[in-house]
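Inspection log for the structure reproduced underneath, given as structure tokens.
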Amino acid sequence: MVCGGFTCSKNALCSLNVVYMLVGLLLIGVAAWGKGFGLVSSIHIIGGVIAVGVFLLLIAIVGLVGAIHHHQVMLFFYMVILFIVFLFQFGVSCSCLAMNRGQQEALLNSTWRVLDDKTKTNLESQLDCCGLLNVTNSRKEFDQDWQNCTALCKKSTLGCFTCGEKMLDHATEALKILGGVGLFFSFTEILGVWLAVRYRNQKDPRANPSAFL
């Protein structure tokens, strides 16, 4: 059997979905580990990471079962959902790679405003900083963050840097890594779509030759 045949396409699609399952389980495990060790206290962040992991796990299971049984309907829904995920992830990855400093500040500011006070306090303690940015935050918001801040730098005579300044120092590098990883996985997703389309249109050599695909 040549590599482009039915068995090779089936094995390649199964292998790809096993990798997606492992990534999904890894995301769930990392979120649970972070919560258990107190690294991340926000239930929204934990819930978001777990939701992504479960979603990826479910897609991988659908693709794996569809590949094993050569199930036309499951493979169809698998490739449609995976293509939608590819479009979304490809767009986000390109945005991360193209984001300038002004856009980074706006993104940090909008993210900071939706965080709860406990998450802000933990973040300030870990980074040893207070508040986000004097420029993008209103004075009232910044003063409130400063009063709630429990970072060690408040007791120092040198004062505190804002968390926004510390984050922006590494934001460009982090966005490049995030965008690069996202772009890489988006191409594995389009590979999964191509394999699913190819596999659906192949006839199982063990089936009845006159059976309808």
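The way I read the labels, and the way they are meant: chains A, B, ... in the order of the structure tokens, residue 1 as the first residue of every chain, and ligand 1 as the first ligand shown, with later ones counted on from there.
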Quick check for you: according to DSSP on this backbone, which residues of range 1-209 of chain A are classed as alpha helix (DSSP H)? Reply as a PyMOL selection string.
chain A and resi 6-36+43-69+72-98+101-114+117-127+139-148+163-200
Name the residues in contact with Phe184 in chain A at a cut-off of 10 Å, using only C-alpha atoms, excluding same-chain residues fewer than 4 positions from it; report them as a list in words.
Gln89, Phe90, Ser93, Leu178, Gly179, Gly180, Thr188 and Glu189 of chain A
Residues near Met79 in chain A, anyone? I mean within 7 Å using only C-alpha atoms, not counting same-chain ones fewer than 4 positions away, as a ChimeraX atom specification.
/A:75,83,193,196
Could you save the residues just selected, with N, CA, C and O atoms, as a compact mmCIF listing (two decimals), in the first residue's frame?
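See out05.txt below for the written result:
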```
# COMPACT_ATOMS: atom_id res chain seq x y z
N LEU A 75 -16.68 12.82 10.01
CA LEU A 75 -15.53 13.43 9.31
C LEU A 75 -15.92 14.78 8.70
O LEU A 75 -15.11 15.71 8.70
N PHE A 83 -11.78 23.67 10.24
CA PHE A 83 -11.49 24.77 9.31
C PHE A 83 -11.88 26.12 9.93
O PHE A 83 -11.16 27.12 9.76
N VAL A 193 -7.64 19.19 8.03
CA VAL A 193 -8.78 19.36 7.12
C VAL A 193 -8.50 18.67 5.79
O VAL A 193 -9.35 17.96 5.24
N ALA A 196 -8.72 14.94 6.21
CA ALA A 196 -10.11 14.49 6.36
C ALA A 196 -10.84 14.48 5.02
O ALA A 196 -11.58 13.54 4.71
```
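Proximity of A:Asn17, A:Cys153, A:Leu82, A:Gln202 to Leu57 in chain A, computed with only C-alpha atoms, is greatest for A:Asn17.
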d(CA of Ile177 in chain A, CA of Gly131 in chain A) in Å
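Separating CA of Ile177 in chain A from CA of Gly131 in chain A is a distance of 25.5 Å.
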